[in-house]
$ cat start-v3.cif   # mmCIF, C-alpha atoms (C1' of nucleotides)
data_my_file
#
loop_
_atom_site.group_PDB
_atom_site.id
_atom_site.type_symbol
_atom_site.label_atom_id
_atom_site.label_comp_id
_atom_site.auth_asym_id
_atom_site.auth_seq_id
_atom_site.Cartn_x
_atom_site.Cartn_y
_atom_site.Cartn_z
ATOM 1 C CA MET C 10 165.257 -46.918 -168.302
ATOM 2 C CA HIS C 11 164.853 -46.816 -172.077
ATOM 3 C CA GLU C 12 167.011 -49.879 -172.416
ATOM 4 C CA SER C 13 165.979 -50.947 -175.934
ATOM 5 C CA ILE C 14 165.992 -54.653 -175.222
ATOM 6 C CA PRO C 15 167.165 -56.410 -178.388
ATOM 7 C CA GLY C 16 164.553 -58.504 -180.145
ATOM 8 C CA PHE C 17 161.717 -57.118 -178.066
ATOM 9 C CA ALA C 18 158.971 -54.862 -179.366
ATOM 10 C CA MET C 19 155.530 -54.003 -178.111
ATOM 11 C CA PRO C 20 152.741 -55.507 -180.233
ATOM 12 C CA PRO C 21 150.933 -53.045 -182.508
ATOM 13 C CA GLU C 22 148.382 -50.813 -180.863
ATOM 14 C CA ASP C 23 145.504 -52.292 -182.833
ATOM 15 C CA GLU C 24 146.248 -55.812 -181.680
ATOM 16 C CA VAL C 25 146.589 -54.787 -178.034
ATOM 17 C CA ARG C 26 143.341 -52.920 -178.336
ATOM 18 C CA ARG C 27 141.675 -55.959 -179.854
ATOM 19 C CA VAL C 28 142.874 -58.231 -177.070
ATOM 20 C CA ALA C 29 141.798 -55.808 -174.360
ATOM 21 C CA ASP C 30 138.415 -55.467 -176.037
ATOM 22 C CA ALA C 31 137.961 -59.235 -176.182
ATOM 23 C CA MET C 32 138.991 -59.545 -172.548
ATOM 24 C CA ARG C 33 136.493 -56.894 -171.568
ATOM 25 C CA MET C 34 133.791 -59.156 -172.964
ATOM 26 C CA LEU C 35 134.992 -61.809 -170.491
ATOM 27 C CA SER C 36 135.086 -59.403 -167.551
ATOM 28 C CA ASP C 37 131.446 -59.849 -166.558
ATOM 29 C CA PRO C 38 130.261 -62.913 -164.615
ATOM 30 C CA THR C 39 127.024 -63.139 -166.591
ATOM 31 C CA ARG C 40 128.908 -63.124 -169.897
ATOM 32 C CA VAL C 41 131.361 -65.718 -168.600
ATOM 33 C CA LYS C 42 128.454 -67.973 -167.651
ATOM 34 C CA ILE C 43 126.777 -67.355 -171.007
ATOM 35 C CA LEU C 44 129.911 -68.275 -172.924
ATOM 36 C CA TRP C 45 130.566 -71.257 -170.680
ATOM 37 C CA ALA C 46 127.082 -72.541 -171.357
ATOM 38 C CA LEU C 47 127.574 -71.941 -175.081
ATOM 39 C CA LEU C 48 130.731 -74.078 -174.969
ATOM 40 C CA GLN C 49 128.424 -77.036 -174.356
ATOM 41 C CA GLY C 50 126.539 -76.233 -177.556
ATOM 42 C CA GLU C 51 124.168 -73.715 -179.080
ATOM 43 C CA SER C 52 121.341 -72.299 -177.007
ATOM 44 C CA SER C 53 118.583 -69.720 -177.195
ATOM 45 C CA VAL C 54 118.262 -66.492 -175.236
ATOM 46 C CA ALA C 55 115.555 -67.708 -172.874
ATOM 47 C CA CYS C 56 117.374 -70.980 -172.237
ATOM 48 C CA LEU C 57 120.573 -69.101 -171.501
ATOM 49 C CA ALA C 58 118.667 -66.804 -169.161
ATOM 50 C CA GLU C 59 117.513 -69.865 -167.221
ATOM 51 C CA LEU C 60 120.984 -71.399 -167.183
ATOM 52 C CA VAL C 61 122.828 -68.317 -165.978
ATOM 53 C CA GLY C 62 120.054 -67.053 -163.704
ATOM 54 C CA ALA C 63 119.582 -63.640 -165.330
ATOM 55 C CA ALA C 64 116.734 -61.762 -166.981
ATOM 56 C CA PRO C 65 116.244 -62.488 -170.687
ATOM 57 C CA THR C 66 116.627 -58.797 -171.492
ATOM 58 C CA ALA C 67 120.005 -58.637 -169.802
ATOM 59 C CA VAL C 68 121.123 -61.813 -171.547
ATOM 60 C CA SER C 69 120.018 -60.416 -174.899
ATOM 61 C CA GLN C 70 122.009 -57.258 -174.320
ATOM 62 C CA HIS C 71 125.075 -59.277 -173.354
ATOM 63 C CA LEU C 72 124.687 -61.415 -176.447
ATOM 64 C CA SER C 73 124.391 -58.280 -178.555
ATOM 65 C CA LYS C 74 127.738 -57.059 -177.267
ATOM 66 C CA LEU C 75 129.301 -60.468 -177.716
ATOM 67 C CA ARG C 76 127.979 -60.560 -181.268
ATOM 68 C CA LEU C 77 129.348 -57.097 -182.063
ATOM 69 C CA SER C 78 132.709 -58.249 -180.708
ATOM 70 C CA GLY C 79 132.597 -61.288 -182.961
ATOM 71 C CA LEU C 80 132.784 -63.757 -180.071
ATOM 72 C CA VAL C 81 129.452 -65.450 -180.817
ATOM 73 C CA GLU C 82 127.385 -66.268 -183.891
ATOM 74 C CA ASN C 83 123.596 -66.358 -184.066
ATOM 75 C CA ARG C 84 121.213 -68.476 -186.092
ATOM 76 C CA ARG C 85 117.481 -67.855 -186.314
ATOM 77 C CA GLU C 86 115.065 -70.767 -186.215
ATOM 78 C CA GLY C 87 111.454 -69.637 -186.092
ATOM 79 C CA THR C 88 110.959 -67.375 -183.124
ATOM 80 C CA PHE C 89 114.095 -68.642 -181.447
ATOM 81 C CA VAL C 90 117.599 -67.304 -181.964
ATOM 82 C CA TYR C 91 120.351 -69.799 -181.243
ATOM 83 C CA TYR C 92 123.820 -68.572 -180.353
ATOM 84 C CA THR C 93 127.145 -70.369 -180.678
ATOM 85 C CA VAL C 94 130.800 -69.767 -179.813
ATOM 86 C CA GLU C 95 133.011 -70.069 -182.874
ATOM 87 C CA ASP C 96 136.180 -68.283 -181.753
ATOM 88 C CA PRO C 97 138.639 -71.027 -180.715
ATOM 89 C CA ALA C 98 140.667 -68.578 -178.619
ATOM 90 C CA VAL C 99 137.635 -67.918 -176.420
ATOM 91 C CA ARG C 100 137.146 -71.655 -175.953
ATOM 92 C CA ASP C 101 140.763 -72.167 -174.939
ATOM 93 C CA VAL C 102 140.862 -69.211 -172.583
ATOM 94 C CA LEU C 103 137.619 -70.121 -170.821
ATOM 95 C CA GLN C 104 138.558 -73.777 -170.508
ATOM 96 C CA ARG C 105 141.934 -72.831 -169.106
ATOM 97 C CA MET C 106 140.478 -70.430 -166.564
ATOM 98 C CA LEU C 107 137.426 -72.435 -165.491
ATOM 99 C CA GLY C 108 138.874 -75.903 -165.757
ATOM 100 C CA ARG C 109 138.460 -78.063 -168.818
ATOM 101 C CA SER C 110 134.910 -78.503 -169.990
ATOM 102 C CA PRO C 111 133.360 -81.873 -169.054
ATOM 103 C CA ALA C 112 131.005 -81.998 -172.026
ATOM 104 C CA THR C 113 133.209 -80.811 -174.887
ATOM 105 C CA ALA C 114 135.660 -83.696 -174.595
ATOM 106 C CA GLY C 115 134.408 -85.181 -177.858
ATOM 107 C CA MET G 29 113.939 -74.316 -171.815
ATOM 108 C CA HIS G 30 115.052 -75.706 -168.478
ATOM 109 C CA GLU G 31 116.326 -78.818 -170.171
ATOM 110 C CA SER G 32 118.624 -80.133 -167.415
ATOM 111 C CA ILE G 33 121.362 -81.288 -169.759
ATOM 112 C CA PRO G 34 122.931 -84.411 -168.212
ATOM 113 C CA GLY G 35 126.508 -83.983 -167.040
ATOM 114 C CA PHE G 36 126.436 -80.224 -167.354
ATOM 115 C CA ALA G 37 126.466 -77.777 -164.472
ATOM 116 C CA MET G 38 127.400 -74.134 -164.220
ATOM 117 C CA PRO G 39 130.670 -73.582 -162.346
ATOM 118 C CA PRO G 40 130.323 -72.218 -158.807
ATOM 119 C CA GLU G 41 129.600 -68.530 -158.510
ATOM 120 C CA ASP G 42 132.887 -67.806 -156.756
ATOM 121 C CA GLU G 43 134.939 -69.323 -159.540
ATOM 122 C CA VAL G 44 133.048 -67.459 -162.254
ATOM 123 C CA ARG G 45 133.493 -64.278 -160.290
ATOM 124 C CA ARG G 46 137.210 -64.952 -159.942
ATOM 125 C CA VAL G 47 137.636 -65.545 -163.667
ATOM 126 C CA ALA G 48 135.678 -62.413 -164.570
ATOM 127 C CA ASP G 49 137.768 -60.431 -162.102
ATOM 128 C CA ALA G 50 140.999 -61.721 -163.616
ATOM 129 C CA MET G 51 139.745 -60.960 -167.107
ATOM 130 C CA ARG G 52 138.841 -57.457 -166.049
ATOM 131 C CA MET G 53 142.512 -56.922 -165.273
ATOM 132 C CA LEU G 54 143.264 -57.785 -168.905
ATOM 133 C CA SER G 55 140.545 -55.502 -170.284
ATOM 134 C CA ASP G 56 142.707 -52.371 -170.409
ATOM 135 C CA PRO G 57 145.261 -51.792 -173.209
ATOM 136 C CA THR G 58 147.784 -50.263 -170.822
ATOM 137 C CA ARG G 59 147.591 -53.276 -168.497
ATOM 138 C CA VAL G 60 147.881 -55.661 -171.436
ATOM 139 C CA LYS G 61 151.020 -53.877 -172.568
ATOM 140 C CA ILE G 62 152.398 -53.856 -169.021
ATOM 141 C CA LEU G 63 151.868 -57.590 -168.627
ATOM 142 C CA TRP G 64 153.217 -58.277 -172.096
ATOM 143 C CA ALA G 65 156.375 -56.362 -171.255
ATOM 144 C CA LEU G 66 156.645 -58.244 -167.961
ATOM 145 C CA LEU G 67 156.526 -61.538 -169.850
ATOM 146 C CA GLN G 68 159.956 -60.640 -171.208
ATOM 147 C CA GLY G 69 161.263 -60.336 -167.654
ATOM 148 C CA GLU G 70 161.046 -58.177 -164.577
ATOM 149 C CA SER G 71 160.957 -54.410 -164.919
ATOM 150 C CA SER G 72 160.577 -51.281 -162.836
ATOM 151 C CA VAL G 73 157.716 -48.782 -162.888
ATOM 152 C CA ALA G 74 159.531 -46.054 -164.782
ATOM 153 C CA CYS G 75 160.888 -48.529 -167.330
ATOM 154 C CA LEU G 76 157.415 -49.946 -167.855
ATOM 155 C CA ALA G 77 156.058 -46.430 -168.272
ATOM 156 C CA GLU G 78 158.576 -45.867 -171.057
ATOM 157 C CA LEU G 79 157.817 -49.204 -172.687
ATOM 158 C CA VAL G 80 154.054 -48.841 -172.709
ATOM 159 C CA GLY G 81 154.005 -45.102 -173.347
ATOM 160 C CA ALA G 82 152.024 -44.078 -170.269
ATOM 161 C CA ALA G 83 152.583 -41.823 -167.275
ATOM 162 C CA PRO G 84 154.415 -43.440 -164.332
ATOM 163 C CA THR G 85 151.516 -42.606 -162.031
ATOM 164 C CA ALA G 86 149.048 -44.432 -164.234
ATOM 165 C CA VAL G 87 151.392 -47.396 -164.523
ATOM 166 C CA SER G 88 151.803 -47.517 -160.755
ATOM 167 C CA GLN G 89 148.055 -47.529 -160.272
ATOM 168 C CA HIS G 90 147.653 -50.317 -162.794
ATOM 169 C CA LEU G 91 150.392 -52.315 -161.084
ATOM 170 C CA SER G 92 148.660 -51.793 -157.757
ATOM 171 C CA LYS G 93 145.476 -53.328 -159.103
ATOM 172 C CA LEU G 94 147.396 -56.148 -160.735
ATOM 173 C CA ARG G 95 149.156 -56.817 -157.436
ATOM 174 C CA LEU G 96 145.892 -56.837 -155.487
ATOM 175 C CA SER G 97 144.539 -59.301 -158.034
ATOM 176 C CA GLY G 98 147.567 -61.519 -157.553
ATOM 177 C CA LEU G 99 148.618 -61.314 -161.201
ATOM 178 C CA VAL G 100 152.035 -59.738 -160.524
ATOM 179 C CA GLU G 101 154.693 -59.885 -157.790
ATOM 180 C CA ASN G 102 156.971 -57.057 -156.721
ATOM 181 C CA ARG G 103 160.523 -56.995 -155.424
ATOM 182 C CA ARG G 104 162.207 -53.917 -154.025
ATOM 183 C CA GLU G 105 165.862 -53.203 -154.825
ATOM 184 C CA GLY G 106 166.979 -49.871 -153.437
ATOM 185 C CA THR G 107 164.631 -47.204 -154.656
ATOM 186 C CA PHE G 108 163.470 -49.365 -157.540
ATOM 187 C CA VAL G 109 160.548 -51.781 -157.414
ATOM 188 C CA TYR G 110 160.726 -54.593 -159.930
ATOM 189 C CA TYR G 111 157.556 -56.384 -160.981
ATOM 190 C CA THR G 112 157.179 -59.886 -162.378
ATOM 191 C CA VAL G 113 154.408 -62.108 -163.739
ATOM 192 C CA GLU G 114 154.286 -65.424 -161.895
ATOM 193 C CA ASP G 115 150.779 -66.661 -162.734
ATOM 194 C CA PRO G 116 151.196 -69.220 -165.526
ATOM 195 C CA ALA G 117 147.567 -68.804 -166.603
ATOM 196 C CA VAL G 118 148.204 -65.136 -167.386
ATOM 197 C CA ARG G 119 151.247 -66.066 -169.442
ATOM 198 C CA ASP G 120 149.301 -68.646 -171.427
ATOM 199 C CA VAL G 121 146.307 -66.403 -172.024
ATOM 200 C CA LEU G 122 148.382 -63.440 -173.159
ATOM 201 C CA GLN G 123 150.593 -65.538 -175.393
ATOM 202 C CA ARG G 124 147.540 -67.163 -176.924
ATOM 203 C CA MET G 125 145.843 -63.856 -177.614
ATOM 204 C CA LEU G 126 148.844 -61.788 -178.729
ATOM 205 C CA GLY G 127 150.819 -64.488 -180.470
ATOM 206 C CA ARG G 128 153.565 -66.467 -178.783
ATOM 207 C CA SER G 129 156.228 -64.435 -177.085
ATOM 208 C CA PRO G 130 159.561 -64.394 -178.924
ATOM 209 C CA ALA G 131 161.702 -63.790 -175.859
ATOM 210 C CA THR G 132 160.226 -66.121 -173.244
ATOM 211 C CA ALA G 133 161.531 -69.313 -174.790
ATOM 212 C CA GLY G 134 163.833 -69.918 -171.831
ATOM 213 C "C1'" DG N 8 93.223 -60.393 -189.572
ATOM 214 C "C1'" DG N 9 94.303 -60.745 -184.411
ATOM 215 C "C1'" DA N 10 96.527 -62.814 -180.324
ATOM 216 C "C1'" DC N 11 100.813 -64.313 -178.660
ATOM 217 C "C1'" DC N 12 105.697 -65.191 -177.924
ATOM 218 C "C1'" DA N 13 110.820 -64.579 -178.202
ATOM 219 C "C1'" DT N 14 113.867 -61.202 -179.046
ATOM 220 C "C1'" DC N 15 115.825 -56.600 -179.883
ATOM 221 C "C1'" DC N 16 116.331 -51.508 -179.109
ATOM 222 C "C1'" DG N 17 116.351 -46.752 -176.733
ATOM 223 C "C1'" DC N 18 116.326 -44.382 -172.366
ATOM 224 C "C1'" DG N 19 117.787 -43.527 -167.595
ATOM 225 C "C1'" DC N 20 120.046 -44.533 -163.218
ATOM 226 C "C1'" DA N 21 123.542 -46.178 -160.103
ATOM 227 C "C1'" DG N 22 128.046 -48.077 -159.858
ATOM 228 C "C1'" DT N 23 132.803 -48.494 -161.622
ATOM 229 C "C1'" DC N 24 137.071 -47.186 -164.231
ATOM 230 C "C1'" DG N 25 141.162 -44.673 -165.856
ATOM 231 C "C1'" DC N 26 143.892 -40.924 -164.987
ATOM 232 C "C1'" DG N 27 145.759 -36.383 -163.696
ATOM 233 C "C1'" DC N 28 146.960 -33.897 -159.607
ATOM 234 C "C1'" DA N 29 148.887 -33.141 -155.098
ATOM 235 C "C1'" DG N 30 150.853 -35.036 -151.033
ATOM 236 C "C1'" DG N 31 153.031 -38.937 -148.529
ATOM 237 C "C1'" DT N 32 156.543 -42.931 -147.950
ATOM 238 C "C1'" DA N 33 160.844 -45.563 -148.664
ATOM 239 C "C1'" DT N 34 165.693 -45.676 -149.852
ATOM 240 C "C1'" DC N 35 170.256 -44.014 -151.035
ATOM 241 C "C1'" DG N 36 174.267 -40.563 -151.148
ATOM 242 C "C1'" DT N 37 176.578 -36.844 -148.862
ATOM 243 C "C1'" DA I 26 169.936 -34.519 -141.077
ATOM 244 C "C1'" DC I 27 169.105 -32.978 -145.808
ATOM 245 C "C1'" DG I 28 167.987 -33.491 -150.467
ATOM 246 C "C1'" DA I 29 167.141 -36.334 -154.479
ATOM 247 C "C1'" DT I 30 165.065 -40.293 -156.617
ATOM 248 C "C1'" DA I 31 161.482 -43.841 -157.353
ATOM 249 C "C1'" DC I 32 157.285 -45.098 -155.994
ATOM 250 C "C1'" DC I 33 152.625 -45.209 -153.632
ATOM 251 C "C1'" DT I 34 148.014 -43.258 -152.248
ATOM 252 C "C1'" DG I 35 143.649 -40.277 -151.696
ATOM 253 C "C1'" DC I 36 140.692 -37.208 -154.303
ATOM 254 C "C1'" DG I 37 137.947 -35.534 -158.111
ATOM 255 C "C1'" DC I 38 136.358 -35.454 -162.872
ATOM 256 C "C1'" DG I 39 134.782 -37.360 -167.193
ATOM 257 C "C1'" DA I 40 133.537 -41.528 -169.428
ATOM 258 C "C1'" DC I 41 131.860 -46.062 -169.574
ATOM 259 C "C1'" DT I 42 129.007 -50.274 -168.021
ATOM 260 C "C1'" DG I 43 125.239 -53.395 -166.440
ATOM 261 C "C1'" DC I 44 120.573 -53.590 -165.935
ATOM 262 C "C1'" DG I 45 115.687 -52.565 -165.450
ATOM 263 C "C1'" DC I 46 111.900 -50.621 -167.966
ATOM 264 C "C1'" DG I 47 108.798 -49.604 -171.875
ATOM 265 C "C1'" DG I 48 108.138 -50.014 -176.670
ATOM 266 C "C1'" DA I 49 109.123 -51.847 -181.308
ATOM 267 C "C1'" DT I 50 110.153 -55.892 -184.441
ATOM 268 C "C1'" DG I 51 109.941 -60.496 -186.469
ATOM 269 C "C1'" DG I 52 107.774 -64.921 -186.411
ATOM 270 C "C1'" DT I 53 104.057 -68.598 -185.309
ATOM 271 C "C1'" DC I 54 99.373 -70.193 -184.625
ATOM 272 C "C1'" DC I 55 94.266 -69.812 -184.788
#

$ encode --input "start-v3.cif" --output "structure tokens"
Amino acid sequence: MHESIPGFAMPPEDEVRRVADAMRMLSDPTRVKILWALLQGESSVACLAELVGAAPTAVSQHLSKLRLSGLVENRREGTFVYYTVEDPAVRDVLQRMLGRSPATAG
Amino acid sequence: MHESIPGFAMPPEDEVRRVADAMRMLSDPTRVKILWALLQGESSVACLAELVGAAPTAVSQHLSKLRLSGLVENRREGTFVYYTVEDPAVRDVLQRMLGRSPATAG
DNA sequence: GGACCATCCGCGCAGTCGCGCAGGTATCGT
DNA sequence: ACGATACCTGCGCGACTGCGCGGATGGTCC
């Protein structure tokens, strides 16, 4: 062991931590469905709750975590709050894992 | 709500579950570092423990979960057990999130 | 102003995770 | 067979997570 492979170094701890943290946001089926739905375009909390088949409260909490992680953006319009996915890495990862999106071809 | 967007359907529950399960394997910094090191080539448990800066027992447990999830393969050579990453999706996702690997060009 | 709706927040519970510890298994050298 | 090495596995503890519940907040309409 302890070979010191030339030209190989572990990424910095902060970056690894950031990646693991982002992946943790994708480790819940409800969040995956939320983000998948958001790949089709912006949507509100109640609409997302219908789409993913979860309670609005749970969806709101998931969106709160996703927002704190910087994976989604929110925009208020009257009583509704519309969320969007801006991070291109999330788009690529989800499309690669779930098969390419049928509606985001344009 | 309940708009019934044409041409859009949620992926099947099993597939979403599978993706979330795979992502959960990438949600731990130690596992991310293990897989990143394995992208450079196969390695043994003790060597990985040195590379990622974790106890061999913890690394072995992580590798066990990764093996059960089908993300890594193992090959025994004497008393050593060498692990490899075969899943191309894992390679792509990690390289996309951590920056392209410098040593996996071949 | 009051009624109402969509959303957010704090609390609590059950389930899961990571990891250290101790004991077991596989393989090689003598 | 015996010991040494490298690894795996079951158990327990502390910490975290998802979610339901009740209450608070921001906004619209009458």

$ interface_residues --input "start-v3.cif" --of "chain G" --to "chain C" --cutoff "8 Å" --atoms "all atoms listed in the file" --output "MDAnalysis selection string"
chainID G and resid 29:30 35:36 38:39 43:45 47:52 54:57 60:61 64:65 68 74:75 78:80 117 121 124:126 130:131

$ residues_around --input "start-v3.cif" --residues "DT14 in chain N" --least-positions-apart "4" --cutoff "10 Å" --atoms "all atoms listed in the file" --output "ChimeraX atom specification"
/C:53-55,65-66,69,88-90 /I:50-51

$ atom_distance --input "start-v3.cif" --atom1 "CA of Pro97 in chain C" --atom2 "CA of Leu99 in chain G"
24.0 Å

$ resolve_selection --input "start-v3.cif" --expression "the PyMOL selection byres ((chain I) within 9 of (chain C))" --output "NGL selection string"
:I and (43-45 or 51-53)

$ closest_residue --input "start-v3.cif" --among "C:Gly79, C:Ala63, C:Arg100, C:Tyr91" --to "chain N" --atoms "all atoms listed in the file"
C:Tyr91

$ resolve_selection --input "start-v3.cif" --expression "the PyMOL selection byres ((chain I and resi 29) around 12)" --output "mmCIF file with C-alpha atoms (C1' of nucleotides), in the coordinates of the input"
data_model
loop_
_atom_site.group_PDB
_atom_site.id
_atom_site.type_symbol
_atom_site.label_atom_id
_atom_site.label_comp_id
_atom_site.auth_asym_id
_atom_site.auth_seq_id
_atom_site.Cartn_x
_atom_site.Cartn_y
_atom_site.Cartn_z
ATOM 1 C CA THR G 107 164.631 -47.204 -154.656
ATOM 2 C "C1'" DT N 34 165.693 -45.676 -149.852
ATOM 3 C "C1'" DC N 35 170.256 -44.014 -151.035
ATOM 4 C "C1'" DG N 36 174.267 -40.563 -151.148
ATOM 5 C "C1'" DT N 37 176.578 -36.844 -148.862
ATOM 6 C "C1'" DC I 27 169.105 -32.978 -145.808
ATOM 7 C "C1'" DG I 28 167.987 -33.491 -150.467
ATOM 8 C "C1'" DT I 30 165.065 -40.293 -156.617
ATOM 9 C "C1'" DA I 31 161.482 -43.841 -157.353
#

$ interface_residues --input "start-v3.cif" --of "chain N" --to "chain G" --cutoff "10 Å" --atoms "all atoms listed in the file" --output "list in words"
DC24, DG25, DC26, DG27, DA33, DT34 and DC35 of chain N

$ atom_distance --input "start-v3.cif" --atom1 "CA of Leu47 in chain C" --atom2 "CA of Arg109 in chain C"
14.0 Å

$ atom_distance --input "start-v3.cif" --atom1 "CA of Tyr92 in chain C" --atom2 "C1' of DC18 in chain N"
26.6 Å

$ residues_near_point --input "start-v3.cif" --point "(148.8, -34.5, -149.3)" --cutoff "10 Å" --atoms "only C-alpha atoms (C1' of nucleotides)" --output "CSV table (one decimal) with C-alpha atoms (C1' of nucleotides), in the coordinates of the input"
chain,number,residue,atom,x,y,z
N,29,DA,C1',148.9,-33.1,-155.1
N,30,DG,C1',150.9,-35.0,-151.0
N,31,DG,C1',153.0,-38.9,-148.5
I,34,DT,C1',148.0,-43.3,-152.2
I,35,DG,C1',143.6,-40.3,-151.7
I,36,DC,C1',140.7,-37.2,-154.3

$ resolve_selection --input "start-v3.cif" --expression "the PyMOL selection byres ((chain I and resi 42) around 9)" --output "MDAnalysis selection string"
(chainID N and resid 22:23) or (chainID I and resid 41 43)

$ decode --input "start-v3.cif" --residues "range 27-45 of chain I" --atoms "N, CA and C atoms (P, O5', C5', C4', C3', O3' and C1' of nucleotides)" --output "compact mmCIF listing (two decimals), in the first residue's frame"
# COMPACT_ATOMS: atom_id res chain seq x y z
P DC I 27 -2.36 -27.31 15.49
O5' DC I 27 -1.50 -25.97 15.35
C5' DC I 27 -0.07 -26.05 15.34
C4' DC I 27 0.51 -24.71 14.90
C3' DC I 27 -0.31 -23.50 15.33
O3' DC I 27 0.47 -22.66 16.16
C1' DC I 27 0.27 -23.35 13.02
P DG I 28 -0.25 -21.39 16.91
O5' DG I 28 0.26 -20.15 16.02
C5' DG I 28 1.65 -20.03 15.74
C4' DG I 28 1.87 -19.04 14.62
C3' DG I 28 1.20 -17.67 14.82
O3' DG I 28 2.15 -16.64 14.61
C1' DG I 28 0.63 -18.56 12.69
P DA I 29 1.85 -15.14 14.98
O5' DA I 29 1.75 -14.44 13.54
C5' DA I 29 2.77 -14.70 12.57
C4' DA I 29 2.35 -14.12 11.22
C3' DA I 29 1.63 -12.77 11.31
O3' DA I 29 2.19 -11.85 10.38
C1' DA I 29 0.33 -14.32 10.07
P DT I 30 1.72 -10.32 10.38
O5' DT I 30 0.80 -10.21 9.08
C5' DT I 30 1.31 -10.69 7.84
C4' DT I 30 0.22 -10.74 6.79
C3' DT I 30 -0.65 -9.47 6.71
O3' DT I 30 -0.69 -9.01 5.38
C1' DT I 30 -2.01 -11.39 6.83
P DA I 31 -1.16 -7.52 5.03
O5' DA I 31 -2.63 -7.76 4.46
C5' DA I 31 -2.81 -8.55 3.30
C4' DA I 31 -4.30 -8.78 3.06
C3' DA I 31 -5.17 -7.53 3.23
O3' DA I 31 -5.97 -7.35 2.07
C1' DA I 31 -6.04 -9.32 4.49
P DC I 32 -7.00 -6.11 1.99
O5' DC I 32 -8.40 -6.77 2.40
C5' DC I 32 -8.83 -7.95 1.74
C4' DC I 32 -9.93 -8.63 2.52
C3' DC I 32 -11.19 -7.80 2.73
O3' DC I 32 -12.18 -8.21 1.79
C1' DC I 32 -10.62 -9.18 4.61
P DC I 33 -13.60 -7.50 1.79
O5' DC I 33 -14.47 -8.34 2.82
C5' DC I 33 -14.75 -9.71 2.56
C4' DC I 33 -15.53 -10.32 3.70
C3' DC I 33 -16.88 -9.65 4.01
O3' DC I 33 -17.91 -10.62 3.95
C1' DC I 33 -15.61 -9.91 5.99
P DT I 34 -19.45 -10.20 4.01
O5' DT I 34 -19.85 -10.35 5.54
C5' DT I 34 -19.58 -11.58 6.22
C4' DT I 34 -20.03 -11.48 7.67
C3' DT I 34 -21.33 -10.69 7.90
O3' DT I 34 -22.14 -11.39 8.82
C1' DT I 34 -19.62 -9.86 9.28
P DG I 35 -23.73 -11.08 8.94
O5' DG I 35 -23.92 -10.83 10.50
C5' DG I 35 -23.57 -11.86 11.42
C4' DG I 35 -23.55 -11.32 12.85
C3' DG I 35 -24.79 -10.51 13.26
O3' DG I 35 -25.14 -10.82 14.60
C1' DG I 35 -22.84 -9.16 13.45
P DC I 36 -26.43 -10.16 15.28
O5' DC I 36 -25.81 -9.01 16.17
C5' DC I 36 -24.77 -9.32 17.11
C4' DC I 36 -24.35 -8.08 17.88
C3' DC I 36 -25.50 -7.12 18.23
O3' DC I 36 -25.47 -6.80 19.61
C1' DC I 36 -23.75 -5.94 17.16
P DG I 37 -26.71 -6.13 20.35
O5' DG I 37 -26.16 -4.66 20.68
C5' DG I 37 -24.89 -4.50 21.30
C4' DG I 37 -24.46 -3.05 21.23
C3' DG I 37 -25.57 -2.03 21.49
O3' DG I 37 -25.12 -1.06 22.44
C1' DG I 37 -24.48 -1.56 19.43
P DC I 38 -26.19 -0.02 23.08
O5' DC I 38 -25.58 1.36 22.66
C5' DC I 38 -24.16 1.57 22.77
C4' DC I 38 -23.75 2.78 21.94
C3' DC I 38 -24.69 3.98 22.07
O3' DC I 38 -23.95 5.14 22.37
C1' DC I 38 -24.34 3.44 19.79
P DG I 39 -24.68 6.41 23.02
O5' DG I 39 -24.56 7.49 21.85
C5' DG I 39 -23.28 7.88 21.38
C4' DG I 39 -23.40 8.52 20.02
C3' DG I 39 -24.34 9.72 19.95
O3' DG I 39 -23.69 10.81 19.30
C1' DG I 39 -24.91 8.15 18.28
P DA I 40 -24.40 12.24 19.23
O5' DA I 40 -24.87 12.30 17.70
C5' DA I 40 -23.90 12.09 16.67
C4' DA I 40 -24.60 11.97 15.32
C3' DA I 40 -25.63 13.08 15.06
O3' DA I 40 -25.30 13.77 13.88
C1' DA I 40 -26.54 10.92 14.59
P DC I 41 -26.17 15.04 13.43
O5' DC I 41 -27.00 14.49 12.19
C5' DC I 41 -26.33 13.73 11.19
C4' DC I 41 -27.34 12.97 10.35
C3' DC I 41 -28.46 13.86 9.79
O3' DC I 41 -28.45 13.79 8.38
C1' DC I 41 -29.34 11.88 10.76
P DT I 42 -29.43 14.70 7.51
O5' DT I 42 -30.65 13.73 7.17
C5' DT I 42 -30.40 12.39 6.77
C4' DT I 42 -31.71 11.72 6.36
C3' DT I 42 -32.73 12.67 5.77
O3' DT I 42 -33.35 12.09 4.64
C1' DT I 42 -33.65 11.59 7.66
P DG I 43 -34.24 12.97 3.65
O5' DG I 43 -35.70 12.36 3.79
C5' DG I 43 -35.89 10.97 3.66
C4' DG I 43 -37.30 10.58 4.07
C3' DG I 43 -38.41 11.48 3.51
O3' DG I 43 -39.51 10.69 3.10
C1' DG I 43 -38.47 11.50 5.88
P DC I 44 -40.77 11.34 2.42
O5' DC I 44 -41.82 11.49 3.60
C5' DC I 44 -42.09 10.38 4.43
C4' DC I 44 -42.98 10.80 5.59
C3' DC I 44 -44.07 11.81 5.21
O3' DC I 44 -45.33 11.33 5.63
C1' DC I 44 -42.89 12.53 7.11
P DG I 45 -46.69 11.80 4.98
O5' DG I 45 -47.65 11.97 6.24
C5' DG I 45 -47.68 10.97 7.26
C4' DG I 45 -47.94 11.61 8.61
C3' DG I 45 -49.09 12.62 8.62
O3' DG I 45 -50.01 12.32 9.67
C1' DG I 45 -47.13 13.58 9.57
